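Source file: entry_26.cif (mmCIF, C-alpha atoms)
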```cif
data_upload
#
loop_
_atom_site.label_atom_id
_atom_site.label_comp_id
_atom_site.auth_asym_id
_atom_site.auth_seq_id
_atom_site.Cartn_x
_atom_site.Cartn_y
_atom_site.Cartn_z
CA MET E 522 97.67 -64.68 -92.17
CA LYS E 523 96.95 -67.26 -89.45
CA LYS E 524 100.01 -67.87 -87.28
CA SER E 525 98.95 -70.69 -84.97
CA SER E 526 97.06 -73.98 -85.20
CA ARG E 527 93.53 -74.40 -83.87
CA ARG E 528 95.02 -76.64 -81.20
CA LEU E 529 97.01 -73.71 -79.82
CA ASP E 530 94.05 -71.38 -80.10
CA GLY E 531 92.18 -73.48 -77.55
CA LEU E 532 95.15 -74.02 -75.26
CA PRO E 533 95.34 -71.89 -72.09
CA ARG E 534 98.47 -70.05 -71.10
CA TYR E 535 100.73 -72.24 -68.97
CA LEU E 536 100.26 -71.16 -65.36
CA PHE E 537 103.90 -71.21 -64.35
CA ALA E 538 105.04 -69.18 -67.35
CA ASP E 539 102.67 -66.41 -66.26
CA LEU E 540 103.88 -66.64 -62.66
CA GLU E 541 107.48 -66.30 -63.79
CA ASN E 542 106.59 -63.19 -65.82
CA VAL E 543 104.87 -61.51 -62.86
CA ARG E 544 107.73 -62.39 -60.54
CA ASP E 545 110.38 -61.16 -62.96
CA GLU E 546 108.53 -57.89 -63.53
CA ALA E 547 108.45 -57.27 -59.78
CA LYS E 548 112.15 -58.02 -59.51
CA ARG E 549 112.92 -55.57 -62.31
CA ALA E 550 111.08 -52.95 -60.27
CA GLY E 551 113.66 -53.52 -57.54
CA ARG E 552 111.53 -55.49 -55.10
CA GLU E 553 112.88 -58.43 -53.13
CA ILE E 554 110.48 -61.23 -54.00
CA LEU E 555 110.11 -64.24 -51.74
CA ASP E 556 108.99 -66.78 -54.32
CA LEU E 557 106.86 -69.63 -52.96
CA SER E 558 105.02 -70.28 -56.20
CA ILE E 559 106.93 -72.85 -58.25
CA GLY E 560 108.00 -76.31 -57.09
CA ASP E 561 111.62 -76.22 -58.15
CA PRO E 562 113.93 -77.64 -55.42
CA ASP E 563 116.37 -75.11 -54.01
CA MET E 564 118.72 -77.77 -52.66
CA PRO E 565 121.53 -78.88 -55.00
CA THR E 566 121.73 -82.23 -56.74
CA PRO E 567 123.71 -84.67 -54.51
CA GLY E 568 127.45 -84.65 -55.21
CA PRO E 569 127.79 -88.33 -56.20
CA ILE E 570 125.27 -87.80 -59.01
CA ILE E 571 127.20 -84.80 -60.31
CA ASP E 572 130.45 -86.77 -60.13
CA ALA E 573 128.87 -89.64 -62.10
CA LEU E 574 127.72 -87.17 -64.75
CA ALA E 575 131.21 -85.69 -65.08
CA ARG E 576 132.75 -89.14 -65.58
CA ALA E 577 130.11 -90.21 -68.07
CA ALA E 578 130.22 -86.94 -70.01
CA ALA E 579 133.95 -87.42 -70.60
CA ASP E 580 133.35 -90.81 -72.25
CA PRO E 581 133.09 -90.43 -76.05
CA ALA E 582 130.78 -93.44 -76.16
CA ASN E 583 128.11 -91.22 -74.59
CA HIS E 584 128.42 -88.49 -77.21
CA ARG E 585 126.39 -90.32 -79.85
CA TYR E 586 122.66 -90.89 -80.20
CA PRO E 587 121.22 -92.76 -77.20
CA THR E 588 118.68 -95.56 -77.49
CA GLY E 589 115.07 -94.42 -77.47
CA ARG E 590 113.96 -96.79 -74.69
CA GLY E 591 116.88 -95.80 -72.50
CA MET E 592 120.08 -97.58 -71.56
CA SER E 593 119.62 -101.14 -70.35
CA THR E 594 121.63 -100.32 -67.23
CA LEU E 595 119.15 -97.61 -66.23
CA ARG E 596 116.08 -99.70 -67.04
CA GLU E 597 117.46 -102.65 -65.09
CA ARG E 598 118.38 -100.49 -62.11
CA ALA E 599 114.96 -98.80 -62.15
CA ALA E 600 113.28 -102.21 -62.19
CA ARG E 601 115.37 -103.35 -59.23
CA TRP E 602 114.56 -100.19 -57.26
CA PHE E 603 110.86 -100.63 -58.01
CA ASN E 604 110.89 -104.19 -56.74
CA GLU E 605 112.77 -103.17 -53.59
CA ARG E 606 110.45 -100.22 -52.96
CA PHE E 607 107.03 -101.63 -53.94
CA GLY E 608 107.54 -105.38 -54.15
CA VAL E 609 106.56 -105.45 -57.84
CA LYS E 610 108.83 -107.25 -60.32
CA LEU E 611 109.25 -105.62 -63.72
CA ASP E 612 110.70 -106.79 -67.02
CA PRO E 613 113.28 -104.08 -67.85
CA GLU E 614 112.87 -104.79 -71.58
CA ARG E 615 109.09 -104.43 -71.80
CA GLU E 616 107.88 -102.75 -68.63
CA VAL E 617 110.33 -99.86 -68.12
CA LEU E 618 110.71 -96.89 -70.46
CA CYS E 619 113.07 -93.93 -69.94
CA LEU E 620 111.76 -90.40 -70.42
CA LEU E 621 113.04 -86.87 -70.89
CA GLY E 622 111.49 -85.94 -67.57
CA SER E 623 108.06 -87.20 -66.51
CA LYS E 624 106.34 -84.11 -67.96
CA GLU E 625 107.37 -85.21 -71.44
CA GLY E 626 105.93 -88.69 -70.98
CA LEU E 627 102.73 -87.42 -69.38
CA ALA E 628 102.23 -85.02 -72.27
CA HIS E 629 102.88 -87.61 -74.99
CA LEU E 630 100.71 -90.35 -73.51
CA PRO E 631 97.38 -89.13 -74.98
CA LEU E 632 99.00 -89.12 -78.43
CA ALA E 633 99.86 -92.77 -77.84
CA VAL E 634 96.52 -94.10 -76.60
CA CYS E 635 93.77 -91.63 -77.58
CA ASP E 636 91.93 -90.90 -80.81
CA PRO E 637 90.33 -87.51 -81.51
CA GLY E 638 87.20 -87.16 -79.41
CA ASP E 639 88.18 -89.75 -76.80
CA VAL E 640 87.62 -88.72 -73.19
CA VAL E 641 90.49 -88.13 -70.77
CA LEU E 642 89.68 -87.71 -67.07
CA VAL E 643 91.88 -85.10 -65.40
CA PRO E 644 91.93 -84.10 -61.72
CA ASP E 645 90.66 -80.61 -60.92
CA PRO E 646 92.62 -78.97 -59.39
CA GLY E 647 95.56 -80.66 -61.01
CA TYR E 648 98.84 -80.34 -62.86
CA PRO E 649 97.92 -78.28 -65.96
CA VAL E 650 99.81 -80.57 -68.35
CA TYR E 651 97.17 -83.31 -68.10
CA GLY E 652 94.43 -81.25 -69.71
CA SER E 653 96.72 -79.53 -72.19
CA ALA E 654 98.14 -82.87 -73.35
CA ALA E 655 94.65 -84.23 -73.97
CA MET E 656 93.70 -81.14 -75.98
CA LEU E 657 96.86 -81.30 -78.11
CA ALA E 658 96.03 -84.91 -78.94
CA GLY E 659 92.54 -83.92 -80.03
CA ALA E 660 90.98 -85.71 -77.06
CA ASN E 661 88.34 -84.27 -74.75
CA PRO E 662 89.62 -83.50 -71.23
CA VAL E 663 86.87 -83.92 -68.64
CA ARG E 664 87.65 -82.40 -65.27
CA VAL E 665 86.78 -84.37 -62.13
CA PRO E 666 86.61 -82.12 -59.04
CA LEU E 667 88.81 -83.01 -56.09
CA LYS E 668 86.71 -82.19 -53.04
CA GLU E 669 87.65 -81.40 -49.45
CA GLU E 670 85.01 -83.81 -48.17
CA ASP E 671 86.63 -86.63 -50.17
CA ALA E 672 90.14 -85.78 -48.91
CA PHE E 673 90.92 -84.56 -52.44
CA LEU E 674 90.75 -88.11 -53.82
CA MET E 675 89.60 -88.28 -57.43
CA ASP E 676 86.31 -90.19 -57.91
CA VAL E 677 87.01 -92.29 -61.00
CA GLU E 678 83.38 -93.49 -60.97
CA ALA E 679 81.88 -90.01 -61.13
CA ALA E 680 81.70 -89.76 -64.93
CA SER E 681 78.32 -89.72 -66.67
CA ASP E 682 77.24 -92.55 -68.98
CA GLU E 683 78.06 -90.40 -72.01
CA VAL E 684 81.56 -89.69 -70.73
CA ARG E 685 82.12 -93.34 -69.84
CA ARG E 686 81.38 -94.46 -73.39
CA GLY E 687 84.27 -92.43 -74.75
CA LEU E 688 86.62 -92.80 -71.79
CA ARG E 689 90.13 -93.84 -72.78
CA LEU E 690 92.57 -92.41 -70.23
CA CYS E 691 92.51 -91.25 -66.60
CA TYR E 692 95.26 -89.28 -64.87
CA LEU E 693 95.82 -89.86 -61.15
CA ASN E 694 98.43 -87.98 -59.12
CA TYR E 695 99.30 -88.96 -55.55
CA PRO E 696 100.93 -87.55 -53.52
CA ASN E 697 98.99 -84.80 -55.19
CA ASN E 698 100.01 -81.52 -56.74
CA PRO E 699 98.64 -79.05 -55.68
CA THR E 700 96.70 -80.35 -52.64
CA GLY E 701 99.35 -82.60 -51.04
CA ALA E 702 96.75 -85.37 -50.60
CA GLY E 703 97.84 -88.99 -50.43
CA ALA E 704 96.17 -92.18 -51.69
CA SER E 705 95.98 -95.65 -50.14
CA LEU E 706 96.48 -98.99 -51.86
CA GLU E 707 92.75 -99.62 -51.33
CA TYR E 708 92.00 -96.50 -53.35
CA TYR E 709 94.25 -97.69 -56.18
CA GLN E 710 92.67 -101.15 -56.09
CA ARG E 711 89.21 -99.71 -56.70
CA ALA E 712 90.52 -97.45 -59.48
CA VAL E 713 92.12 -100.44 -61.21
CA GLU E 714 88.87 -102.42 -60.94
CA VAL E 715 86.90 -99.60 -62.53
CA ALA E 716 89.49 -99.22 -65.30
CA ALA E 717 89.34 -102.95 -66.05
CA GLU E 718 85.54 -102.88 -66.14
CA ARG E 719 85.33 -99.90 -68.48
CA GLY E 720 88.42 -100.42 -70.60
CA PHE E 721 90.44 -97.28 -69.95
CA VAL E 722 94.11 -96.72 -69.08
CA ILE E 723 95.21 -95.32 -65.73
CA CYS E 724 98.17 -92.96 -65.80
CA SER E 725 99.58 -92.59 -62.30
CA ASP E 726 101.86 -89.57 -61.90
CA ALA E 727 104.00 -90.60 -58.92
CA ALA E 728 106.59 -87.83 -59.13
CA TYR E 729 106.32 -87.20 -55.37
CA SER E 730 106.12 -90.82 -54.19
CA GLU E 731 109.31 -90.51 -52.13
CA ILE E 732 108.43 -87.23 -50.41
CA THR E 733 105.87 -88.01 -47.73
CA TYR E 734 105.27 -86.90 -44.16
CA GLY E 735 104.58 -88.53 -40.83
CA ARG E 736 103.76 -92.21 -41.19
CA MET E 737 102.61 -91.88 -44.79
CA ARG E 738 104.42 -94.13 -47.28
CA SER E 739 103.04 -93.80 -50.77
CA PRO E 740 101.96 -97.02 -52.50
CA SER E 741 102.08 -97.72 -56.24
CA VAL E 742 99.05 -98.35 -58.43
CA LEU E 743 100.96 -101.36 -59.79
CA GLN E 744 100.71 -103.02 -56.38
CA ALA E 745 96.96 -103.34 -56.92
CA GLU E 746 95.73 -106.63 -58.36
CA GLY E 747 95.39 -106.10 -62.10
CA GLY E 748 97.44 -102.91 -62.05
CA MET E 749 100.06 -104.21 -64.46
CA GLU E 750 97.35 -104.80 -67.09
CA THR E 751 95.53 -101.48 -66.70
CA ALA E 752 98.03 -98.83 -65.58
CA VAL E 753 101.31 -97.09 -66.24
CA GLU E 754 103.13 -95.12 -63.57
CA PHE E 755 105.57 -92.25 -63.98
CA HIS E 756 108.52 -91.75 -61.64
CA SER E 757 110.87 -88.80 -61.76
CA PHE E 758 114.34 -87.97 -60.48
CA SER E 759 113.42 -84.27 -60.38
CA LYS E 760 111.93 -83.87 -56.91
CA THR E 761 113.38 -86.99 -55.27
CA TYR E 762 117.00 -86.12 -56.10
CA ASN E 763 116.78 -82.37 -56.84
CA MET E 764 117.31 -82.97 -60.58
CA THR E 765 114.59 -80.82 -62.18
CA GLY E 766 116.94 -79.39 -64.80
CA TRP E 767 118.41 -82.75 -65.77
CA ARG E 768 115.22 -83.97 -67.51
CA ILE E 769 115.29 -87.66 -66.72
CA ALA E 770 112.50 -89.99 -65.56
CA PHE E 771 110.97 -93.36 -66.32
CA ALA E 772 107.58 -94.97 -66.83
CA VAL E 773 106.66 -98.49 -65.72
CA GLY E 774 103.69 -100.80 -66.02
CA ASP E 775 101.47 -102.18 -68.77
CA PRO E 776 103.84 -103.16 -71.62
CA VAL E 777 101.24 -102.56 -74.35
CA THR E 778 100.69 -98.95 -73.27
CA LEU E 779 104.43 -98.38 -72.86
CA SER E 780 105.11 -99.71 -76.36
CA CYS E 781 102.58 -97.20 -77.72
CA LEU E 782 104.31 -94.39 -75.83
CA GLU E 783 107.69 -95.57 -77.07
CA LYS E 784 106.42 -95.44 -80.66
CA VAL E 785 105.37 -91.81 -80.20
CA LYS E 786 108.67 -90.92 -78.60
CA SER E 787 110.74 -92.61 -81.29
CA ASN E 788 109.12 -90.31 -83.83
CA ILE E 789 109.64 -87.16 -81.73
CA ASP E 790 112.82 -87.43 -79.65
CA SER E 791 116.05 -89.40 -79.63
CA GLY E 792 116.23 -90.18 -75.93
CA ALA E 793 118.07 -88.65 -72.99
CA PHE E 794 121.80 -87.89 -73.07
CA GLN E 795 123.46 -91.12 -71.97
CA ALA E 796 125.68 -89.33 -69.47
CA VAL E 797 122.55 -88.11 -67.70
CA GLN E 798 121.18 -91.65 -67.76
CA GLU E 799 124.36 -92.97 -66.15
CA ALA E 800 124.12 -90.26 -63.50
CA ALA E 801 120.53 -91.33 -62.86
CA VAL E 802 121.73 -94.89 -62.25
CA SER E 803 124.05 -93.56 -59.55
CA ALA E 804 121.11 -91.83 -57.84
CA PHE E 805 119.63 -95.21 -56.96
CA ASP E 806 122.84 -96.09 -55.12
CA LEU E 807 122.69 -93.17 -52.69
CA PRO E 808 122.24 -94.28 -49.08
CA PRO E 809 118.67 -94.07 -47.73
CA GLU E 810 119.84 -91.44 -45.23
CA ASP E 811 120.47 -89.05 -48.12
CA LEU E 812 116.82 -88.97 -49.16
CA GLU E 813 115.65 -88.98 -45.56
CA LYS E 814 117.61 -85.79 -44.85
CA ARG E 815 115.93 -84.02 -47.76
CA ARG E 816 112.53 -85.29 -46.69
CA GLU E 817 113.16 -83.97 -43.17
CA VAL E 818 114.02 -80.54 -44.60
CA TYR E 819 110.69 -80.45 -46.44
CA GLU E 820 108.82 -81.68 -43.38
CA LYS E 821 110.28 -78.90 -41.25
CA ARG E 822 109.32 -76.33 -43.87
CA LYS E 823 105.85 -77.83 -44.11
CA ASP E 824 105.41 -77.55 -40.35
CA THR E 825 106.57 -73.92 -40.42
CA VAL E 826 104.02 -72.99 -43.09
CA VAL E 827 101.10 -74.94 -41.61
CA THR E 828 101.69 -73.61 -38.09
CA ALA E 829 102.05 -70.03 -39.29
CA LEU E 830 98.95 -70.06 -41.50
CA GLU E 831 96.80 -71.74 -38.86
CA SER E 832 97.88 -69.11 -36.32
CA MET E 833 96.61 -66.46 -38.74
CA GLY E 834 93.17 -68.12 -38.90
CA CYS E 835 93.71 -69.63 -42.33
CA ARG E 836 92.06 -72.97 -43.19
CA VAL E 837 94.97 -75.24 -44.13
CA PHE E 838 95.13 -78.81 -45.43
CA PRO E 839 98.34 -80.34 -44.03
CA PRO E 840 99.90 -82.41 -46.84
CA ALA E 841 100.50 -86.15 -46.70
CA GLY E 842 103.23 -85.71 -49.29
CA ALA E 843 104.65 -83.63 -52.15
CA VAL E 844 106.31 -80.24 -51.64
CA TYR E 845 103.28 -77.97 -51.31
CA VAL E 846 100.78 -76.65 -48.79
CA TRP E 847 97.20 -76.09 -49.99
CA ALA E 848 95.12 -73.53 -48.12
CA ALA E 849 91.94 -71.48 -48.40
CA VAL E 850 92.07 -67.81 -49.39
CA PRO E 851 90.65 -65.18 -46.98
CA GLU E 852 87.02 -64.20 -47.17
CA GLY E 853 86.40 -61.54 -49.80
CA TYR E 854 89.11 -62.72 -52.22
CA ASP E 855 89.23 -65.03 -55.16
CA SER E 856 92.47 -66.96 -55.64
CA THR E 857 93.95 -64.70 -58.32
CA GLY E 858 93.05 -61.55 -56.41
CA PHE E 859 94.60 -62.92 -53.23
CA ALA E 860 97.82 -63.90 -55.00
CA ALA E 861 97.99 -60.43 -56.53
CA ALA E 862 97.34 -58.76 -53.17
CA LEU E 863 100.04 -60.85 -51.53
CA LEU E 864 102.56 -59.91 -54.17
CA GLU E 865 101.64 -56.23 -53.98
CA ARG E 866 101.50 -55.93 -50.19
CA THR E 867 104.13 -58.43 -49.06
CA ALA E 868 106.31 -59.23 -52.11
CA VAL E 869 105.52 -62.91 -51.51
CA SER E 870 104.60 -64.94 -54.58
CA VAL E 871 102.20 -67.91 -54.30
CA SER E 872 100.19 -69.89 -56.87
CA PRO E 873 96.47 -69.06 -57.20
CA GLY E 874 94.32 -72.18 -56.98
CA ALA E 875 92.34 -71.29 -60.10
CA GLY E 876 95.49 -71.83 -62.14
CA PHE E 877 95.10 -75.57 -61.47
CA GLY E 878 91.49 -75.69 -62.67
CA PRO E 879 88.06 -74.27 -61.77
CA SER E 880 87.82 -76.39 -58.62
CA GLY E 881 91.00 -74.76 -57.38
CA GLU E 882 89.16 -71.48 -56.98
CA GLY E 883 89.11 -70.36 -53.38
CA TYR E 884 92.51 -71.85 -52.58
CA PHE E 885 96.19 -71.05 -52.99
CA ARG E 886 99.34 -73.16 -53.07
CA ILE E 887 102.59 -72.51 -51.26
CA SER E 888 105.71 -74.30 -52.45
CA LEU E 889 108.20 -75.62 -49.91
CA THR E 890 111.13 -75.37 -52.31
CA ALA E 891 112.67 -72.29 -50.71
CA PRO E 892 115.15 -71.96 -47.84
CA GLU E 893 113.72 -72.08 -44.32
CA GLU E 894 114.78 -68.48 -43.74
CA HIS E 895 112.80 -67.30 -46.78
CA ILE E 896 109.75 -69.28 -45.72
CA GLU E 897 109.86 -67.83 -42.20
CA ARG E 898 110.23 -64.29 -43.53
CA ALA E 899 107.39 -64.85 -46.00
CA MET E 900 105.11 -66.13 -43.24
CA GLY E 901 106.03 -63.11 -41.14
CA ARG E 902 105.18 -60.69 -43.95
CA ILE E 903 101.84 -62.40 -44.62
CA GLY E 904 100.95 -62.46 -40.92
CA GLU E 905 101.54 -58.74 -40.56
CA GLN E 906 98.78 -58.00 -43.07
CA GLY E 907 95.99 -59.68 -41.07
CA PHE E 908 94.27 -61.16 -44.11
CA TRP E 909 92.22 -63.62 -42.04
CA THR E 910 91.50 -61.38 -39.05
CA ARG E 911 89.80 -58.39 -40.66
#
```
Translate the structure of the given file into structure tokens.
Amino acid sequence: MKKSSRRLDGLPRYLFADLENVRDEAKRAGREILDLSIGDPDMPTPGPIIDALARAAADPANHRYPTGRGMSTLRERAARWFNERFGVKLDPEREVLCLLGSKEGLAHLPLAVCDPGDVVLVPDPGYPVYGSAAMLAGANPVRVPLKEEDAFLMDVEAASDEVRRGLRLCYLNYPNNPTGAGASLEYYQRAVEVAAERGFVICSDAAYSEITYGRMRSPSVLQAEGGMETAVEFHSFSKTYNMTGWRIAFAVGDPVTLSCLEKVKSNIDSGAFQAVQEAAVSAFDLPPEDLEKRREVYEKRKDTVVTALESMGCRVFPPAGAVYVWAAVPEGYDSTGFAAALLERTAVSVSPGAGFGPSGEGYFRISLTAPEEHIERAMGRIGEQGFWTR
């Protein structure tokens, strides 16, 4: 008897689930694994956010069903933050929607705006959820290669005439996972113009907007002229405030698209625990120095990894933002083989580039969400093997 739907039959295994299995198997064998594969912040959630959760969790008013759109206090505070950060005014009632983490919203969006057979452009390499979400909605994910020569910027005009006719949704993600590339406001402006011309929705995954390096300061697609009519943008508390396990985020932008997403969500979930929402409100009130300290930690780790890999002869692409370093595998390896060799010979776990799509072949991703000591030890172990100097 058939046990799964045809949708699941065509769905690939989720990359990070497989990585966790390999890592856990090695640990059971008694090996000390230095895990640089998954982007889960090692630093704790800031104390004031935890304190706000404790107070809110003790309030019986928060023990009942929350509102699907999210508490007005959170939507209003998110709108105020967005205006302060990007200079874009939002209507908290129509242009802000709370989510159970940005992954949930990103995954449900194709159900909200796509019909079976519609085309969804996804970056390749890219966060695996984009393509999987399109497939689960019955849409057709079309991969657009992110190329070194284009600074890993997605060419939204690259689609063929046939693809353009069915194009309904395009995922953008900057600062980018896995490459660490950043996008300019000029890039977003052109993307918005193309979307307006061809009638598709832009979904900007801005989960890493507040983690950038050097002089980079990530813009919003909604700052582009026409962005509010063509795009929605997803912001998360996970990486910015070390709240990955809390599952809280918000989407902003085109009110028509957000209303469609809200309709899907109202039929699937009942919203985030209100105590978590109140804690999220408190995150916005942390002093700027709090975030800057975390950003500096990631920048130091980034510098450690980039310097070490370059000294080994590895071709590295220093990130503009996000919490990853993208680099080329040694000659003679594919990405999966290199990741396996690293784990076997050094007990260091990294993500193979092919797990992010075919165009990720030939690369690997190192996560910066591990203590500096672990990163230094991992770089030392890798350097001892002479992968790039054979």
Determine, using all atoms listed in the file, which residues of stretch 761-803 of chain E have any atom at most 9 Å from an atom of stretch 581-602 of chain E, and tabulate each with its shortest atom pair and distance in Å to one decimal place, rows ordered by chain and then rising number, as a tab-separated table.
```
residue	atom	partner	partner_atom	distance
E:Phe771	CA	E:Ala599	CA	7.9
E:Val773	CA	E:Ala600	CA	8.4
E:Glu783	CA	E:Arg590	CA	6.8
E:Lys786	CA	E:Gly589	CA	7.4
E:Ser787	CA	E:Gly589	CA	6.1
E:Asp790	CA	E:Gly589	CA	7.7
E:Ser791	CA	E:Gly589	CA	5.6
E:Gly792	CA	E:Gly589	CA	4.7
E:Ala793	CA	E:Pro587	CA	6.7
E:Phe794	CA	E:Pro587	CA	6.4
E:Gln795	CA	E:Asn583	CA	5.3
E:Ala796	CA	E:Asn583	CA	6.0
E:Gln798	CA	E:Leu595	CA	6.5
E:Glu799	CA	E:Leu595	CA	7.0
E:Ala801	CA	E:Leu595	CA	7.3
E:Val802	CA	E:Leu595	CA	5.5
```
TODO: Record the distance separating atom CA of E:Arg711 and atom CA of E:Tyr884, expressed in Å with one decimal.
DONE: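 Computing the Euclidean distance for atom CA of E:Arg711 and atom CA of E:Tyr884 yields 28.4 Å.
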Proximity of stretch 660-738 of chain E to stretch 813-834 of chain E: per-residue shortest pair, 10 Å limit, only C-alpha atoms, as a tab-separated table:
```
residue	atom	partner	partner_atom	distance
E:Glu731	CA	E:Arg816	CA	8.2
E:Ile732	CA	E:Arg816	CA	5.9
E:Thr733	CA	E:Arg816	CA	7.3
E:Tyr734	CA	E:Glu820	CA	6.4
E:Gly735	CA	E:Glu820	CA	8.5
```
Open item on the list: Need the shell around stretch 555-561 of chain E: protein/DNA/RNA residues with any atom at most 6 Å away, counting only C-alpha atoms. Skip same-chain ones fewer than 6 positions apart. Format as a list in words?
Closed with: Val869, Ser870, Val871, Ser872, Ile887, Ser888 and Thr890 of chain E
Based on the selection just made, write C-alpha atoms of those residues as a short mmCIF file (atom, residue, chain, number, x, y, z; two decimals), in the frame of the given file.
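part-v4.cif, freshly written:
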```
data_model
loop_
_atom_site.label_atom_id
_atom_site.label_comp_id
_atom_site.auth_asym_id
_atom_site.auth_seq_id
_atom_site.Cartn_x
_atom_site.Cartn_y
_atom_site.Cartn_z
CA VAL E 869 105.52 -62.91 -51.51
CA SER E 870 104.60 -64.94 -54.58
CA VAL E 871 102.20 -67.91 -54.30
CA SER E 872 100.19 -69.89 -56.87
CA ILE E 887 102.59 -72.51 -51.26
CA SER E 888 105.71 -74.30 -52.45
CA THR E 890 111.13 -75.37 -52.31
#
```
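Interatomic distance, atom CA of E:Gly858 to atom CA of E:Pro873: 8.3 Å.
Taking atom CA of E:Asn694 and atom CA of E:Asp545 as the two end points, the separation is 29.6 Å.
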Task: Chain and number of each residue from the PyMOL selection byres ((chain E and resi 847-852) around 8), as an MDAnalysis selection string - done: chainID E and resid 699:701 835:840 845:846 853:856 859 883:887 908:909
Dump of C-alpha atoms for the selected residues, as an mmCIF file, keeping the file's coordinate frame:
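Printed below is result20.cif as written:
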```
data_model
loop_
_atom_site.group_PDB
_atom_site.id
_atom_site.type_symbol
_atom_site.label_atom_id
_atom_site.label_comp_id
_atom_site.auth_asym_id
_atom_site.auth_seq_id
_atom_site.Cartn_x
_atom_site.Cartn_y
_atom_site.Cartn_z
ATOM 1 C CA PRO E 699 98.640 -79.050 -55.680
ATOM 2 C CA THR E 700 96.700 -80.350 -52.640
ATOM 3 C CA GLY E 701 99.350 -82.600 -51.040
ATOM 4 C CA CYS E 835 93.710 -69.630 -42.330
ATOM 5 C CA ARG E 836 92.060 -72.970 -43.190
ATOM 6 C CA VAL E 837 94.970 -75.240 -44.130
ATOM 7 C CA PHE E 838 95.130 -78.810 -45.430
ATOM 8 C CA PRO E 839 98.340 -80.340 -44.030
ATOM 9 C CA PRO E 840 99.900 -82.410 -46.840
ATOM 10 C CA TYR E 845 103.280 -77.970 -51.310
ATOM 11 C CA VAL E 846 100.780 -76.650 -48.790
ATOM 12 C CA GLY E 853 86.400 -61.540 -49.800
ATOM 13 C CA TYR E 854 89.110 -62.720 -52.220
ATOM 14 C CA ASP E 855 89.230 -65.030 -55.160
ATOM 15 C CA SER E 856 92.470 -66.960 -55.640
ATOM 16 C CA PHE E 859 94.600 -62.920 -53.230
ATOM 17 C CA GLY E 883 89.110 -70.360 -53.380
ATOM 18 C CA TYR E 884 92.510 -71.850 -52.580
ATOM 19 C CA PHE E 885 96.190 -71.050 -52.990
ATOM 20 C CA ARG E 886 99.340 -73.160 -53.070
ATOM 21 C CA ILE E 887 102.590 -72.510 -51.260
ATOM 22 C CA PHE E 908 94.270 -61.160 -44.110
ATOM 23 C CA TRP E 909 92.220 -63.620 -42.040
#
```
TODO: Taking (107.5, -104.4, -72.7) in the file's own coordinates, collect the residues within 9 Å, counting all atoms listed in the file, and hand them back as a PyMOL selection string.
DONE: chain E and resi 612-618+774-780
TODO: Could you expand the PyMOL selection byres ((chain E and resi 642) around 7) into the explicit residues it covers here, written as a ChimeraX atom specification?
DONE: /E:640-641,643-644,662-665,690-692
Open item on the list: Within 9 Å of (114.5, -86.1, -58.1) (file coordinates; all atoms listed in the file), which protein or nucleic acid residues are there? I'd like them as a list of chain:residue names.
Closed with: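 Every polymer residue passing the test: E:Pro562, E:Thr566, E:Ala728, E:Tyr729, E:His756, E:Ser757, E:Phe758, E:Ser759, E:Lys760, E:Thr761, E:Tyr762, E:Asn763, E:Met764, E:Thr765, E:Ile769, E:Ala770, E:Ala804.
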TODO: Give me the residues within 10 Å of E:Gly531 as a PyMOL selection string, counting all atoms listed in the file and dropping any in the same chain fewer than 2 places off.
DONE: chain E and resi 526-529+533-534+653+656-657
Open item on the list: My list of candidates is E:Met737, E:Leu620, E:Ala655, E:Leu667. Which is closest to E:Asp639 when distances are computed with all atoms listed in the file?
Closed with: E:Ala655
